[in-house]
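K.L.:
This structure is in structure tokens; I'll ask about it shortly.
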Amino acid sequence: MEAAGDMVVSLNYQGDILYASQRTIDLINAERGLIGSTLSELVCAAQQDALQKALADASATRHSDRVKLRIKTRDALLWFEFQLSAYTTPSDTVELLAVGRDMSSTHATEARLRHIATHDTLTGLPNRALLSDRLRMAIAQARRSGQGFSVATLDLDGFKKVNDGLGHPIGDALLRVASARLIKALRNSDTLARIGGDEFVAIMPGAVSSADIKLVSGRLMSTMQAPFEVQGHTLYLSASVGVAVYPEHGEDEIELLAHADAAMYRAKETGKACCVVYNSVQIGQPEHDLSLEAAMFQAVTNGEFFLDYQPIVDARTRQIQGFETLMRWLRPGLGMVPPSRFIPVAEANGLINLLGAWALKASCVQLKSFEEVAKRPLYISVNVSPRQFRQAQFLDLLDQAIAFSGIAGDQLVLEITEGTLMTDPLQAEAILHQIVARKVRISIDDFGTGYSSLAYLKRFPIAILKIDRAFIKDLPASEKDAAICNTIMSLAHHLHLTVVAEGVETEPQLQFLLDRRCSYIQGYLTGKPMSPHSVLAALAEAGIPAQPVRAAWDEAVPGSSQPTR
Ligand code: C2E
Ligand code: CA
Ligand code: CA
């Protein structure tokens with residue numbers, strides 16, 4: 001018994017220690033031996049019942065079952081597997097012999113195996129199996145408390161490109177950083193699982209109101225939008241999020257996950273980098289205003305769409321330099337439908353590709369006719385929607401528009417938003433370089449309202465920034481807007497970018513912009529969007545030299561000048 005590596009103690013029926021091997025005494029670090037102590041004193045509280053049962057079993061049947069007891073040793077709490085046996089001493093008393101084998105390494109292995117089976121090895125997050133468990137628990141909990149929860153499925157946009165383009169080690173590192181960020185964006189009581197390559201699921205107890213969902217999904221999305229620094233690469237991602245709420249959108253885990261998934265695919269279709277909450281009516285069917293959508297297809301056939309052109313002028317001389325093409329839809333008997341209403345619908349159902357292609361070709365042809373009257377080169381600036389930009393045939397379309405109209409590449413400007421670039425920066429970069437190779441310029445529309453990383457200004461071949469109307473509107477009174485405009489302008493000058501200020505309506509606004517060396521302006525002050533017919537008239541009029549009366553009137557009454565029609 002003294003030689004055994006196991007713990008060996010003998011006990012009386014009360015559990016008092018009568019003998020302890022030297023190995024046992026060393027393990028426990030009992031300097032004065034263990035005689036007089038009880039076995040129970042060495043065992044952790046949680047295993048006291050198990051010990052009592054083993055003592056009782058051994059007394060009744062001579063041998064107890066094997067029992068795992070956690071022992072307070074010198075260094076740590078260690079797992080031992082004990083078996084207790086009764087034996088009769090030469091003096092005919094019955095005593096118990098307890099032999100304990102050190103299980104701590106086996107125990108740790110078991111725990112590790114359990115962890116591996118339920119967690120993702122790359123990120124350490126719960127895997128699909130554990131997610132199902134947690135979802136069932138969340139449902140049980142919600143039933144008891146009456147407090148619902150939401151499930152969010154999150155897919156990283158642009159991850160595949162990184163993985164394929166830069167290799168799996170970088171893809172893996174990116175996933176690790178991304179999952180760490182996601183965890184930080186969630187609360188402690190939330191569960192985050194990784195269930196596939198770049199797919200994550202979050203369970204969020206209590207987040208059921210649309211305000212709550214908006215808040216957390218916004219946090220999840222924005223934490224993915226900040227640039228990632230991975231092994232010397234600056235990488236950009238975004239996230240598409242789909243949300244389903246218990247119990248409204250599903251009563252069990254399978255239904256909830258399926259609906260969160262469907263919503264997430266919807267978010268992807270809608271141009272990525274957004275969150276969609278499951279809605280049984282909309283998902284799987286054309287979204288938005290169904291009657292508007294039906295009318296739109298009809299409108300294409302009926303030719304209800306047309307284009308207006310808004311002058312972009314030299315801020316100093318006010319001479320027209322170019323035009324932005326703005327799409328219009330006049331519904332017979334119902335009036336104008338604003339682009340802010342129909343463009344998102346066209347974007348969602350794909351009609352934007354058709355409409356956008358037409359707008360691009362028609363604008364280039366129109367520009368030729370404008371130039372014939374103006375007798376000098378002008379340029380045309382055309383809005384390109386995110387979906388159109390990524391369309392496979394987009395570059396062919398560009399070539400056709402230029403070739404067919406006969407304009408030069410540098411007379412065409414494409415207006416895209418920051419969001420378009422950020423959804424899949426690698427793909428965007430490739431497309432941008434092909435566009436620039438045709439001498440066509442890129443203008444960032446609504447600059448400052450979307451994505452807030454300036455890194456892309458360095459990375460992408462951009463020529464023009466359009467300051468959003470929101471920053472111009474309250475100039476020059478608003479100190480904050482003034483500060484923003486100052487900063488954008490100085491940024492643009494240093495980066496050799498041209499600035500176009502949008503939505504200039506008053507003389508003081510123009511003066512403010514002039515003082516900061518803004519090159520171009522576009523707004524009601526210098527020209528509203530107008531029909532090609534009115535543009536031709538305006539250009540013809542501007543061709544007539546010197547209009548002293550008009551100029552004097554402008555100076556006398558600042559802000560009174562009406563757009564030239
Ligand atoms: P945007 O590209 O920012 O277009 C500028 C908008 O500002 C236009 O609104 C224009 O009419 C308006 N605007 C210009 N100057 C002023 C001003 O001084 N004051 C005020 N209050 N507004 C001014 P619009 O025409 O309603 O177009 C709205 C949006 O619809 C556009 O915003 C653009 O995002 C989209 N859009 C228009 N045409 C097209 C198109 O052909 N393709 C695509 N993809 N989107 C288009
Ligand atoms: Ca625009
Ligand atoms: Ca704009």
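For the structure tokens, the naming scheme is as follows: chains receive sequential letters (A, B, ...) according to their order of presentation, residues are indexed from 1 within each chain, and ligands are indexed from 1 in presentation order.
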Hey, what's within 9 Å of range 410-423 of chain A if we count only C-alpha atoms and toss same-chain stuff fewer than 4 positions away? As a PyMOL selection string, please?

P.N.:
chain A and resi 157-158+225+236-239+271-273+322+324+364+367+377-387+389-390+402+427-429+438-452+456+460+464+466

K.L.:
So which bits of range 13-44 of chain A end up strand (DSSP E or B) when you DSSP the backbone, as number ranges by chain?

P.N.:
A: 16-20, 35, 37-38, 43

K.L.:
Restricting the calculation to only C-alpha atoms and all ligand atoms: of A:Leu465, A:Leu166, A:Leu156, A:Leu514, which residue gets closest to ligand 3?

P.N.:
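For ligand 3, the nearest of the given residues is A:Leu465.
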
K.L.:
Could you give me, as a ChimeraX atom specification, every polymer residue with an atom at most 9 Å away from an atom of ligand 1, counting only C-alpha atoms and all ligand atoms?

P.N.:
/A:307-308,310,324-328,338-344,346-347,352-353,355-360,382-388,415-417,445-446,466,468-469,473,502-506,522-529

K.L.:
Give me, as a PyMOL selection string, the residues of range 314-448 of chain A that a backbone DSSP run labels alpha helix (DSSP H).

P.N.:
chain A and resi 339-349+351-374+386-390+394-405+418-422+425-436

K.L.:
Check the smallest atom-to-atom distance from each of A:Leu51, A:Leu122, A:Val276, A:Ile467 to ligand 2 using only C-alpha atoms and all ligand atoms, then report the winner.

P.N.:
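When distances to ligand 2 are compared using only C-alpha atoms and all ligand atoms, the smallest one comes from A:Ile467.
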
K.L.:
Give me, as a PyMOL selection string, all polymer residues having an atom no more than 6 Å from range 19-23 of chain A, counting only C-alpha atoms and skipping those fewer than 5 positions away in the same chain.

P.N.:
chain A and resi 2+8-10

K.L.:
Please produce a file of the residues just selected, as an mmCIF file, in the first residue's frame, where the atoms kept are all heavy atoms.

P.N.:
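And here is the file that came out, again_1.cif:
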data_model
loop_
_atom_site.group_PDB
_atom_site.id
_atom_site.type_symbol
_atom_site.label_atom_id
_atom_site.label_comp_id
_atom_site.auth_asym_id
_atom_site.auth_seq_id
_atom_site.Cartn_x
_atom_site.Cartn_y
_atom_site.Cartn_z
ATOM 1 N N GLU A 2 2.010 1.174 0.704
ATOM 2 C CA GLU A 2 2.925 2.325 0.726
ATOM 3 C C GLU A 2 3.523 2.582 -0.648
ATOM 4 O O GLU A 2 3.824 3.712 -1.005
ATOM 5 C CB GLU A 2 4.049 2.084 1.744
ATOM 6 C CG GLU A 2 3.646 2.314 3.174
ATOM 7 C CD GLU A 2 3.265 3.776 3.424
ATOM 8 O OE1 GLU A 2 4.085 4.666 3.179
ATOM 9 O OE2 GLU A 2 2.124 4.035 3.850
ATOM 10 N N VAL A 8 -4.304 5.775 -1.068
ATOM 11 C CA VAL A 8 -4.834 4.635 -0.305
ATOM 12 C C VAL A 8 -5.102 5.082 1.124
ATOM 13 O O VAL A 8 -4.191 5.614 1.789
ATOM 14 C CB VAL A 8 -3.833 3.455 -0.283
ATOM 15 C CG1 VAL A 8 -4.463 2.258 0.431
ATOM 16 C CG2 VAL A 8 -3.421 3.069 -1.692
ATOM 17 N N VAL A 9 -6.341 4.922 1.572
ATOM 18 C CA VAL A 9 -6.664 5.229 2.973
ATOM 19 C C VAL A 9 -7.584 4.133 3.505
ATOM 20 O O VAL A 9 -8.355 3.548 2.745
ATOM 21 C CB VAL A 9 -7.396 6.582 3.167
ATOM 22 C CG1 VAL A 9 -6.462 7.748 3.080
ATOM 23 C CG2 VAL A 9 -8.518 6.736 2.156
ATOM 24 N N SER A 10 -7.447 3.862 4.775
ATOM 25 C CA SER A 10 -8.450 2.976 5.365
ATOM 26 C C SER A 10 -9.271 3.790 6.354
ATOM 27 O O SER A 10 -8.787 4.775 6.937
ATOM 28 C CB SER A 10 -7.784 1.766 6.019
ATOM 29 O OG SER A 10 -7.115 2.168 7.179
#

K.L.:
Would you kindly return, as a ChimeraX atom specification, each protein, DNA or RNA residue with an atom no farther than 9 Å from any atom of Ala537 in chain A, considering only C-alpha atoms and excluding same-chain residues fewer than 4 positions away?

P.N.:
/A:373,532-533,541-542,565

K.L.:
Please indicate the distance in Å from CA of Phe228 in chain A to CA of Gly171 in chain A, rounded to one decimal place.

P.N.:
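Pair CA of Phe228 in chain A / CA of Gly171 in chain A returns 11.4 Å.
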
K.L.:
One decimal, in Å: what's the spacing between CA of Ala362 in chain A and CA of Gln391 in chain A?

P.N.:
18.9 Å
